>>> print(open('target03.pdb').read())   # PDB, C-alpha atoms, pLDDT in the B column
ATOM      1  CA  MET Q 582     -20.860  -7.461  -3.008  1.00 95.00           C
ATOM      2  CA  THR Q 583     -17.196  -8.139  -3.540  1.00 97.00           C
ATOM      3  CA  GLY Q 584     -14.402  -6.315  -1.753  1.00 97.00           C
ATOM      4  CA  ALA Q 585     -11.814  -4.804  -4.066  1.00 97.00           C
ATOM      5  CA  PHE Q 586      -8.794  -2.595  -3.575  1.00 97.00           C
ATOM      6  CA  VAL Q 587      -7.629   0.213  -5.831  1.00 98.00           C
ATOM      7  CA  GLY Q 588      -4.206   1.852  -5.777  1.00 98.00           C
ATOM      8  CA  LEU Q 589      -4.108   5.604  -6.403  1.00 98.00           C
ATOM      9  CA  GLY Q 590      -0.975   7.439  -7.517  1.00 97.00           C
ATOM     10  CA  SER Q 591       0.014  10.837  -8.908  1.00 97.00           C
ATOM     11  CA  ASN Q 592       3.200  12.846  -9.321  1.00 96.00           C
ATOM     12  CA  ILE Q 593       2.361  15.778 -11.636  1.00 95.00           C
ATOM     13  CA  GLU Q 594      -0.268  18.490 -12.026  1.00 95.00           C
ATOM     14  CA  GLU Q 595      -0.919  19.011  -8.303  1.00 97.00           C
ATOM     15  CA  PRO Q 596      -0.813  15.389  -7.119  1.00 97.00           C
ATOM     16  CA  ALA Q 597      -2.788  16.009  -3.912  1.00 97.00           C
ATOM     17  CA  THR Q 598      -5.633  17.537  -5.910  1.00 96.00           C
ATOM     18  CA  GLN Q 599      -5.484  14.687  -8.424  1.00 97.00           C
ATOM     19  CA  LEU Q 600      -5.758  12.073  -5.659  1.00 97.00           C
ATOM     20  CA  ARG Q 601      -8.705  13.887  -4.082  1.00 96.00           C
ATOM     21  CA  GLN Q 602     -10.533  14.042  -7.424  1.00 96.00           C
ATOM     22  CA  ALA Q 603      -9.888  10.340  -8.067  1.00 97.00           C
ATOM     23  CA  TYR Q 604     -11.088   9.487  -4.562  1.00 96.00           C
ATOM     24  CA  GLU Q 605     -14.308  11.424  -5.166  1.00 95.00           C
ATOM     25  CA  ALA Q 606     -14.769   9.714  -8.553  1.00 96.00           C
ATOM     26  CA  LEU Q 607     -14.396   6.279  -6.917  1.00 96.00           C
ATOM     27  CA  ALA Q 608     -17.167   7.239  -4.509  1.00 94.00           C
ATOM     28  CA  THR Q 609     -19.555   7.822  -7.419  1.00 95.00           C
ATOM     29  CA  LEU Q 610     -19.003   4.562  -9.316  1.00 96.00           C
ATOM     30  CA  PRO Q 611     -22.303   2.778  -9.969  1.00 95.00           C
ATOM     31  CA  ASP Q 612     -23.110  -0.322  -7.917  1.00 96.00           C
ATOM     32  CA  THR Q 613     -20.065   0.414  -5.764  1.00 96.00           C
ATOM     33  CA  ARG Q 614     -19.569   1.678  -2.235  1.00 96.00           C
ATOM     34  CA  LEU Q 615     -16.372   3.313  -1.009  1.00 95.00           C
ATOM     35  CA  ILE Q 616     -15.540   1.668   2.318  1.00 95.00           C
ATOM     36  CA  ALA Q 617     -12.239   3.250   3.360  1.00 95.00           C
ATOM     37  CA  VAL Q 618      -9.178   5.041   2.091  1.00 96.00           C
ATOM     38  CA  SER Q 619      -5.666   4.883   3.494  1.00 97.00           C
ATOM     39  CA  SER Q 620      -3.420   7.727   4.453  1.00 96.00           C
ATOM     40  CA  VAL Q 621      -1.365   9.238   1.650  1.00 97.00           C
ATOM     41  CA  TYR Q 622       2.265   8.193   1.306  1.00 97.00           C
ATOM     42  CA  GLU Q 623       5.066   9.846  -0.625  1.00 97.00           C
ATOM     43  CA  SER Q 624       7.517   7.662  -2.523  1.00 95.00           C
ATOM     44  CA  LEU Q 625      10.373   7.992  -4.935  1.00 94.00           C
ATOM     45  CA  PRO Q 626       9.446   7.071  -8.502  1.00 92.00           C
ATOM     46  CA  MET Q 627       9.691   3.468  -9.605  1.00 86.00           C
ATOM     47  CA  GLY Q 628      11.371   3.437 -12.996  1.00 82.00           C
ATOM     48  CA  PRO Q 629      12.744   6.656 -14.517  1.00 89.00           C
ATOM     49  CA  THR Q 630      14.276   8.818 -11.791  1.00 88.00           C
ATOM     50  CA  ASP Q 631      13.993  12.093 -13.736  1.00 89.00           C
ATOM     51  CA  GLN Q 632      10.472  12.709 -12.447  1.00 93.00           C
ATOM     52  CA  PRO Q 633       8.922  14.015  -9.226  1.00 95.00           C
ATOM     53  CA  SER Q 634       8.094  11.828  -6.237  1.00 95.00           C
ATOM     54  CA  PHE Q 635       4.670  10.192  -6.136  1.00 96.00           C
ATOM     55  CA  LEU Q 636       1.775  10.493  -3.739  1.00 97.00           C
ATOM     56  CA  ASN Q 637       0.082   7.111  -3.221  1.00 97.00           C
ATOM     57  CA  ALA Q 638      -2.919   5.732  -1.368  1.00 98.00           C
ATOM     58  CA  CYS Q 639      -5.249   2.736  -1.496  1.00 98.00           C
ATOM     59  CA  ALA Q 640      -9.027   2.593  -1.444  1.00 97.00           C
ATOM     60  CA  HIS Q 641     -11.256  -0.266  -0.302  1.00 97.00           C
ATOM     61  CA  ILE Q 642     -14.518  -0.597  -2.200  1.00 97.00           C
ATOM     62  CA  ASP Q 643     -17.407  -3.042  -2.234  1.00 98.00           C
ATOM     63  CA  THR Q 644     -18.918  -3.582  -5.661  1.00 98.00           C
ATOM     64  CA  THR Q 645     -21.278  -5.732  -7.666  1.00 97.00           C
ATOM     65  CA  ILE Q 646     -19.697  -4.895 -11.024  1.00 97.00           C
ATOM     66  CA  SER Q 647     -17.293  -7.377 -12.595  1.00 97.00           C
ATOM     67  CA  PRO Q 648     -13.514  -6.944 -12.506  1.00 97.00           C
ATOM     68  CA  SER Q 649     -13.514  -6.080 -16.212  1.00 97.00           C
ATOM     69  CA  GLU Q 650     -16.243  -3.467 -15.762  1.00 97.00           C
ATOM     70  CA  LEU Q 651     -14.374  -2.028 -12.782  1.00 98.00           C
ATOM     71  CA  LEU Q 652     -11.174  -1.775 -14.825  1.00 97.00           C
ATOM     72  CA  THR Q 653     -13.115   0.013 -17.575  1.00 97.00           C
ATOM     73  CA  ALA Q 654     -14.495   2.451 -15.000  1.00 98.00           C
ATOM     74  CA  LEU Q 655     -11.026   3.120 -13.542  1.00 98.00           C
ATOM     75  CA  LEU Q 656      -9.558   3.763 -16.994  1.00 97.00           C
ATOM     76  CA  ALA Q 657     -12.469   6.118 -17.756  1.00 97.00           C
ATOM     77  CA  ILE Q 658     -11.689   8.094 -14.587  1.00 98.00           C
ATOM     78  CA  GLU Q 659      -8.029   8.344 -15.660  1.00 96.00           C
ATOM     79  CA  THR Q 660      -9.036   9.540 -19.130  1.00 95.00           C
ATOM     80  CA  THR Q 661     -11.501  12.086 -17.753  1.00 96.00           C
ATOM     81  CA  MET Q 662      -8.802  13.408 -15.455  1.00 96.00           C
ATOM     82  CA  GLY Q 663      -6.403  13.856 -18.396  1.00 93.00           C
ATOM     83  CA  ARG Q 664      -4.007  10.954 -18.042  1.00 91.00           C
ATOM     84  CA  ILE Q 665      -1.634  10.631 -20.989  1.00 88.00           C
ATOM     85  CA  ARG Q 666       0.651   7.599 -21.177  1.00 81.00           C
ATOM     86  CA  LYS Q 667       4.008   8.965 -22.363  1.00 82.00           C
ATOM     87  CA  ARG Q 668       6.454   6.317 -21.136  1.00 80.00           C
ATOM     88  CA  HIS Q 669       6.484   3.143 -19.092  1.00 83.00           C
ATOM     89  CA  TRP Q 670       6.529   3.943 -15.363  1.00 78.00           C
ATOM     90  CA  GLY Q 671       6.691   7.618 -16.232  1.00 83.00           C
ATOM     91  CA  GLU Q 672       5.065  10.643 -14.719  1.00 92.00           C
ATOM     92  CA  ARG Q 673       1.284  10.746 -14.572  1.00 93.00           C
ATOM     93  CA  CYS Q 674      -1.433  13.005 -13.278  1.00 95.00           C
ATOM     94  CA  ILE Q 675      -3.360   9.973 -12.038  1.00 97.00           C
ATOM     95  CA  ASP Q 676      -2.894   6.224 -11.929  1.00 96.00           C
ATOM     96  CA  LEU Q 677      -5.657   3.909 -10.730  1.00 98.00           C
ATOM     97  CA  ASP Q 678      -4.691   0.254 -10.415  1.00 97.00           C
ATOM     98  CA  LEU Q 679      -7.095  -2.553  -9.598  1.00 98.00           C
ATOM     99  CA  LEU Q 680      -4.942  -4.377  -7.046  1.00 97.00           C
ATOM    100  CA  PHE Q 681      -7.198  -7.277  -6.196  1.00 94.00           C
ATOM    101  CA  TYR Q 682     -10.853  -8.152  -6.423  1.00 96.00           C
ATOM    102  CA  GLY Q 683     -12.034 -10.567  -3.760  1.00 94.00           C
ATOM    103  CA  ASP Q 684     -10.182 -13.835  -4.268  1.00 91.00           C
ATOM    104  CA  VAL Q 685     -10.392 -13.645  -8.071  1.00 93.00           C
ATOM    105  CA  SER Q 686      -7.338 -14.868  -9.936  1.00 91.00           C
ATOM    106  CA  LEU Q 687      -7.399 -13.772 -13.554  1.00 92.00           C
ATOM    107  CA  GLN Q 688      -4.949 -13.342 -16.381  1.00 93.00           C
ATOM    108  CA  SER Q 689      -6.067 -11.903 -19.685  1.00 94.00           C
ATOM    109  CA  GLU Q 690      -4.598  -9.555 -22.252  1.00 93.00           C
ATOM    110  CA  ARG Q 691      -6.414  -6.681 -20.560  1.00 93.00           C
ATOM    111  CA  LEU Q 692      -6.341  -7.505 -16.848  1.00 96.00           C
ATOM    112  CA  THR Q 693      -4.253  -9.527 -14.415  1.00 95.00           C
ATOM    113  CA  LEU Q 694      -5.534 -10.122 -10.888  1.00 95.00           C
ATOM    114  CA  PRO Q 695      -4.046  -9.805  -8.414  1.00 94.00           C
ATOM    115  CA  HIS Q 696      -2.058  -6.900  -9.877  1.00 94.00           C
ATOM    116  CA  PRO Q 697       1.344  -8.268 -10.993  1.00 90.00           C
ATOM    117  CA  GLY Q 698       3.366  -5.733  -8.971  1.00 88.00           C
ATOM    118  CA  LEU Q 699       1.258  -5.962  -5.829  1.00 90.00           C
ATOM    119  CA  TYR Q 700       3.685  -7.968  -3.709  1.00 90.00           C
ATOM    120  CA  GLN Q 701       6.862  -5.968  -4.477  1.00 89.00           C
ATOM    121  CA  ARG Q 702       5.746  -2.366  -3.920  1.00 93.00           C
ATOM    122  CA  ASP Q 703       5.970  -0.789  -0.490  1.00 95.00           C
ATOM    123  CA  PHE Q 704       3.911   2.191  -1.674  1.00 96.00           C
ATOM    124  CA  VAL Q 705       1.021  -0.252  -2.225  1.00 96.00           C
ATOM    125  CA  LEU Q 706       1.607  -2.644   0.670  1.00 96.00           C
ATOM    126  CA  MET Q 707       1.935   0.025   3.383  1.00 96.00           C
ATOM    127  CA  PRO Q 708      -1.447   1.636   2.608  1.00 97.00           C
ATOM    128  CA  LEU Q 709      -2.983  -1.848   2.378  1.00 97.00           C
ATOM    129  CA  ALA Q 710      -1.495  -2.736   5.774  1.00 96.00           C
ATOM    130  CA  GLU Q 711      -3.113   0.376   7.180  1.00 96.00           C
ATOM    131  CA  LEU Q 712      -6.514  -0.693   5.819  1.00 97.00           C
ATOM    132  CA  LEU Q 713      -6.284  -4.445   6.439  1.00 96.00           C
ATOM    133  CA  GLY Q 714      -3.621  -4.971   9.120  1.00 96.00           C
ATOM    134  CA  SER Q 715      -0.145  -6.419   8.631  1.00 96.00           C
ATOM    135  CA  GLU Q 716      -1.393  -9.942   9.434  1.00 97.00           C
ATOM    136  CA  TYR Q 717      -3.860  -9.923   6.526  1.00 95.00           C
ATOM    137  CA  LEU Q 718      -3.242 -12.809   4.133  1.00 93.00           C
ATOM    138  CA  MET Q 719      -2.909 -11.558   0.586  1.00 90.00           C
ATOM    139  CA  PRO Q 720      -4.177 -13.564  -2.404  1.00 86.00           C
ATOM    140  CA  ASN Q 721      -0.771 -15.281  -2.699  1.00 87.00           C
ATOM    141  CA  GLY Q 722      -1.083 -16.589   0.884  1.00 90.00           C
ATOM    142  CA  ALA Q 723       1.600 -14.330   2.399  1.00 92.00           C
ATOM    143  CA  ASP Q 724       0.746 -11.768   5.045  1.00 95.00           C
ATOM    144  CA  ILE Q 725       1.273  -8.080   4.296  1.00 95.00           C
ATOM    145  CA  GLY Q 726       3.830  -7.665   7.100  1.00 95.00           C
ATOM    146  CA  THR Q 727       6.075 -10.375   5.667  1.00 95.00           C
ATOM    147  CA  LEU Q 728       5.739  -8.961   2.165  1.00 94.00           C
ATOM    148  CA  LEU Q 729       6.757  -5.534   3.441  1.00 94.00           C
ATOM    149  CA  THR Q 730      10.006  -6.939   4.846  1.00 93.00           C
ATOM    150  CA  THR Q 731      10.944  -8.454   1.488  1.00 90.00           C
ATOM    151  CA  CYS Q 732       9.850  -5.791  -1.005  1.00 88.00           C
ATOM    152  CA  SER Q 733      12.012  -3.064  -2.469  1.00 80.00           C
ATOM    153  CA  THR Q 734      11.949   0.326  -0.826  1.00 81.00           C
ATOM    154  CA  HIS Q 735      11.014   3.540  -2.578  1.00 80.00           C
ATOM    155  CA  GLY Q 736      11.861   6.042   0.162  1.00 87.00           C
ATOM    156  CA  LEU Q 737       8.333   5.714   1.513  1.00 93.00           C
ATOM    157  CA  ARG Q 738       7.114   8.241   4.048  1.00 94.00           C
ATOM    158  CA  LEU Q 739       3.755   9.320   5.386  1.00 94.00           C
ATOM    159  CA  SER Q 740       2.441  12.496   3.751  1.00 95.00           C
ATOM    160  CA  SER Q 741       0.425  15.228   5.449  1.00 93.00           C
ATOM    161  CA  VAL Q 742      -2.043  15.207   2.520  1.00 94.00           C
ATOM    162  CA  GLN Q 743      -5.587  14.212   3.481  1.00 90.00           C
ATOM    163  CA  LEU Q 744      -8.014  12.807   0.911  1.00 88.00           C
ATOM    164  CA  HIS Q 745     -11.120  13.406   2.981  1.00 77.00           C
ATOM    165  CA  SER Q 746     -12.171  15.248   6.087  1.00 63.00           C
ATOM    166  CA  GLY Q 747     -14.301  12.843   8.048  1.00 61.00           C
ATOM    167  CA  GLU Q 748     -17.265  11.198   6.369  1.00 57.00           C
ATOM    168  CA  ILE Q 749     -16.519   9.100   3.310  1.00 58.00           C
ATOM    169  CA  PRO Q 750     -18.552  10.190   0.307  1.00 57.00           C
ATOM    170  CA  GLY Q 751     -20.594   7.510  -1.330  1.00 56.00           C
ATOM    171  CA  ASN Q 752     -23.537   6.410  -3.318  1.00 50.00           C
ATOM    172  CA  PRO Q 753     -25.880   4.048  -1.508  1.00 49.00           C
ATOM    173  CA  LEU Q 754     -26.615   0.861  -3.385  1.00 47.00           C
TER     174      LEU Q 754
END
>>> encode(input="target03.pdb", output="structure tokens")
Amino acid sequence: MTGAFVGLGSNIEEPATQLRQAYEALATLPDTRLIAVSSVYESLPMGPTDQPSFLNACAHIDTTISPSELLTALLAIETTMGRIRKRHWGERCIDLDLLFYGDVSLQSERLTLPHPGLYQRDFVLMPLAELLGSEYLMPNGADIGTLLTTCSTHGLRLSSVQLHSGEIPGNPL
């Protein structure tokens, strides 16, 4: 089993509902176990400012599927949920990003690990800090707390949205 982290984001079509559906879909991935999910955070959009604020969270999973297979599964969830890519960094009903996968470092046309924006986004780092602790050393060797002090801010604030009510759904391996 390899530990991996997935970023979840949504800012249209009932974002809280979209995040809950994505969370439930992650819990049903084959050969994968959902370990934990962060609180939900609200942030201003990165990129075009003529769109609603985002709701963001991170999920920790353990999996035996490869990074490429996991990416395919995440993209399939997005497609099933109706994601349409209209513009770069634009509004979206759901966005699932494979942030990092164990200590794998990979760069291909299809997938870059760790995620290229991982270290500059407070709306990713704050949920990760909640799951891993601010002292956790990221794949680049820096701890999350230090990265948070140097990344750009997106008006991040804790949301009252809950993705689950107690027990984490899952599929036993």
>>> residues_around(input="target03.pdb", residues="Q:Ala638", least_positions_apart="4", cutoff="8 Å", atoms="all atoms listed in the file", output="JSON, numbers by chain")
{"Q": [588, 589, 590, 618, 619, 620, 621, 622, 704, 705, 708]}
>>> residues_around(input="target03.pdb", residues="Q:Thr727", least_positions_apart="4", cutoff="12 Å", atoms="all atoms listed in the file", output="list in words")
Tyr700, Gln701, Asp703, Leu706, Met707, Ala710, Gly714, Ser715, Glu716, Tyr717, Leu718, Met719, Asn721, Gly722, Ala723, Thr731 and Cys732 of chain Q
>>> atom_distance(input="target03.pdb", atom1="atom CA of Q:Ala657", atom2="atom CA of Q:Leu677")
10.0 Å
>>> atom_distance(input="target03.pdb", atom1="atom CA of Q:Thr661", atom2="atom CA of Q:Arg673")
13.2 Å
>>> resolve_selection(input="target03.pdb", expression="the PyMOL selection byres ((chain Q and resi 641-656) around 7)", output="list of chain:residue names")
Q:Met582, Q:Thr583, Q:Gly584, Q:Ala585, Q:Phe586, Q:Val587, Q:Asp612, Q:Thr613, Q:Arg614, Q:Leu615, Q:Ile616, Q:Ala617, Q:Val618, Q:Cys639, Q:Ala640, Q:Ala657, Q:Ile658, Q:Glu659, Q:Thr660, Q:Leu677, Q:Leu679, Q:Tyr682
>>> write_last_selection(input="target03.pdb", atoms="C-alpha atoms", output="PDB file, in the coordinates of the input")
ATOM      1  CA  MET Q 582     -20.860  -7.461  -3.008  1.00 95.00           C
ATOM      2  CA  THR Q 583     -17.196  -8.139  -3.540  1.00 97.00           C
ATOM      3  CA  GLY Q 584     -14.402  -6.315  -1.753  1.00 97.00           C
ATOM      4  CA  ALA Q 585     -11.814  -4.804  -4.066  1.00 97.00           C
ATOM      5  CA  PHE Q 586      -8.794  -2.595  -3.575  1.00 97.00           C
ATOM      6  CA  VAL Q 587      -7.629   0.213  -5.831  1.00 98.00           C
ATOM      7  CA  ASP Q 612     -23.110  -0.322  -7.917  1.00 96.00           C
ATOM      8  CA  THR Q 613     -20.065   0.414  -5.764  1.00 96.00           C
ATOM      9  CA  ARG Q 614     -19.569   1.678  -2.235  1.00 96.00           C
ATOM     10  CA  LEU Q 615     -16.372   3.313  -1.009  1.00 95.00           C
ATOM     11  CA  ILE Q 616     -15.540   1.668   2.318  1.00 95.00           C
ATOM     12  CA  ALA Q 617     -12.239   3.250   3.360  1.00 95.00           C
ATOM     13  CA  VAL Q 618      -9.178   5.041   2.091  1.00 96.00           C
ATOM     14  CA  CYS Q 639      -5.249   2.736  -1.496  1.00 98.00           C
ATOM     15  CA  ALA Q 640      -9.027   2.593  -1.444  1.00 97.00           C
ATOM     16  CA  ALA Q 657     -12.469   6.118 -17.756  1.00 97.00           C
ATOM     17  CA  ILE Q 658     -11.689   8.094 -14.587  1.00 98.00           C
ATOM     18  CA  GLU Q 659      -8.029   8.344 -15.660  1.00 96.00           C
ATOM     19  CA  THR Q 660      -9.036   9.540 -19.130  1.00 95.00           C
ATOM     20  CA  LEU Q 677      -5.657   3.909 -10.730  1.00 98.00           C
ATOM     21  CA  LEU Q 679      -7.095  -2.553  -9.598  1.00 98.00           C
ATOM     22  CA  TYR Q 682     -10.853  -8.152  -6.423  1.00 96.00           C
TER      23      TYR Q 682
END
>>> residues_around(input="target03.pdb", residues="Q:Pro629", least_positions_apart="3", cutoff="12 Å", atoms="only C-alpha atoms", output="VMD selection string")
chain Q and resid 625 to 626 632 to 634 667 to 672
>>> atom_distance(input="target03.pdb", atom1="atom CA of Q:Gly736", atom2="atom CA of Q:Pro720")
25.5 Å
>>> residues_near_point(input="target03.pdb", point="(0.3, -19.0, -11.1)", cutoff="12 Å", atoms="only C-alpha atoms", output="VMD selection string")
chain Q and resid 686 to 688 693 to 695 697 720 to 721
>>> resolve_selection(input="target03.pdb", expression="the PyMOL selection byres ((chain Q and resi 598-608) around 7)", output="VMD selection string")
chain Q and resid 589 to 591 595 to 597 609 to 610 614 to 615 658 674 to 675 744 750 to 752
>>> closest_residue(input="target03.pdb", among="Q:Leu680, Q:Ile593, Q:Leu713, Q:Ile725", to="Q:Gly663", atoms="all atoms listed in the file")
Q:Ile593
>>> closest_residue(input="target03.pdb", among="Q:Met627, Q:Leu636, Q:Leu728, Q:Leu692", to="Q:Asn592", atoms="only C-alpha atoms")
Q:Leu636
>>> closest_residue(input="target03.pdb", among="Q:Asn637, Q:Arg702, Q:Gln743, Q:Glu711", to="Q:Leu729", atoms="only C-alpha atoms")
Q:Arg702
>>> closest_residue(input="target03.pdb", among="Q:Gly698, Q:Leu737, Q:Met662, Q:Val742", to="Q:Asp678", atoms="all atoms listed in the file")
Q:Gly698
>>> decode(input="target03.pdb", residues="stretch 635-652 of chain Q", atoms="N, CA and C atoms", output="compact mmCIF listing (two decimals), in the first residue's frame")
# COMPACT_ATOMS: atom_id res chain seq x y z
N PHE Q 635 -14.01 29.09 -3.95
CA PHE Q 635 -13.91 27.64 -3.98
C PHE Q 635 -14.07 27.05 -2.59
N LEU Q 636 -14.56 25.83 -2.54
CA LEU Q 636 -14.46 24.98 -1.36
C LEU Q 636 -13.39 23.96 -1.67
N ASN Q 637 -12.47 23.74 -0.73
CA ASN Q 637 -11.34 22.84 -0.92
C ASN Q 637 -11.15 21.93 0.28
N ALA Q 638 -10.64 20.75 0.01
CA ALA Q 638 -10.29 19.79 1.07
C ALA Q 638 -9.21 18.87 0.51
N CYS Q 639 -8.64 18.05 1.37
CA CYS Q 639 -7.68 17.03 0.94
C CYS Q 639 -8.07 15.70 1.56
N ALA Q 640 -7.82 14.64 0.79
CA ALA Q 640 -8.09 13.29 1.26
C ALA Q 640 -6.80 12.48 1.27
N HIS Q 641 -6.64 11.66 2.28
CA HIS Q 641 -5.51 10.73 2.40
C HIS Q 641 -6.04 9.36 2.06
N ILE Q 642 -5.41 8.70 1.11
CA ILE Q 642 -5.79 7.34 0.73
C ILE Q 642 -4.58 6.44 0.78
N ASP Q 643 -4.81 5.16 0.97
CA ASP Q 643 -3.80 4.12 0.77
C ASP Q 643 -4.26 3.32 -0.44
N THR Q 644 -3.34 3.00 -1.33
CA THR Q 644 -3.73 2.33 -2.56
C THR Q 644 -2.64 1.39 -3.05
N THR Q 645 -3.05 0.43 -3.83
CA THR Q 645 -2.09 -0.45 -4.50
C THR Q 645 -2.07 -0.19 -6.00
N ILE Q 646 -2.94 0.70 -6.48
CA ILE Q 646 -2.92 1.01 -7.92
C ILE Q 646 -1.82 2.03 -8.21
N SER Q 647 -1.33 2.04 -9.42
CA SER Q 647 -0.22 2.91 -9.80
C SER Q 647 -0.68 4.36 -9.86
N PRO Q 648 0.28 5.29 -9.84
CA PRO Q 648 -0.09 6.71 -9.97
C PRO Q 648 -0.89 6.98 -11.24
N SER Q 649 -0.50 6.38 -12.35
CA SER Q 649 -1.20 6.60 -13.61
C SER Q 649 -2.63 6.06 -13.55
N GLU Q 650 -2.80 4.89 -12.96
CA GLU Q 650 -4.15 4.33 -12.81
C GLU Q 650 -4.99 5.18 -11.87
N LEU Q 651 -4.37 5.71 -10.83
CA LEU Q 651 -5.09 6.58 -9.90
C LEU Q 651 -5.52 7.86 -10.60
N LEU Q 652 -4.64 8.45 -11.39
CA LEU Q 652 -5.01 9.64 -12.15
C LEU Q 652 -6.19 9.34 -13.07
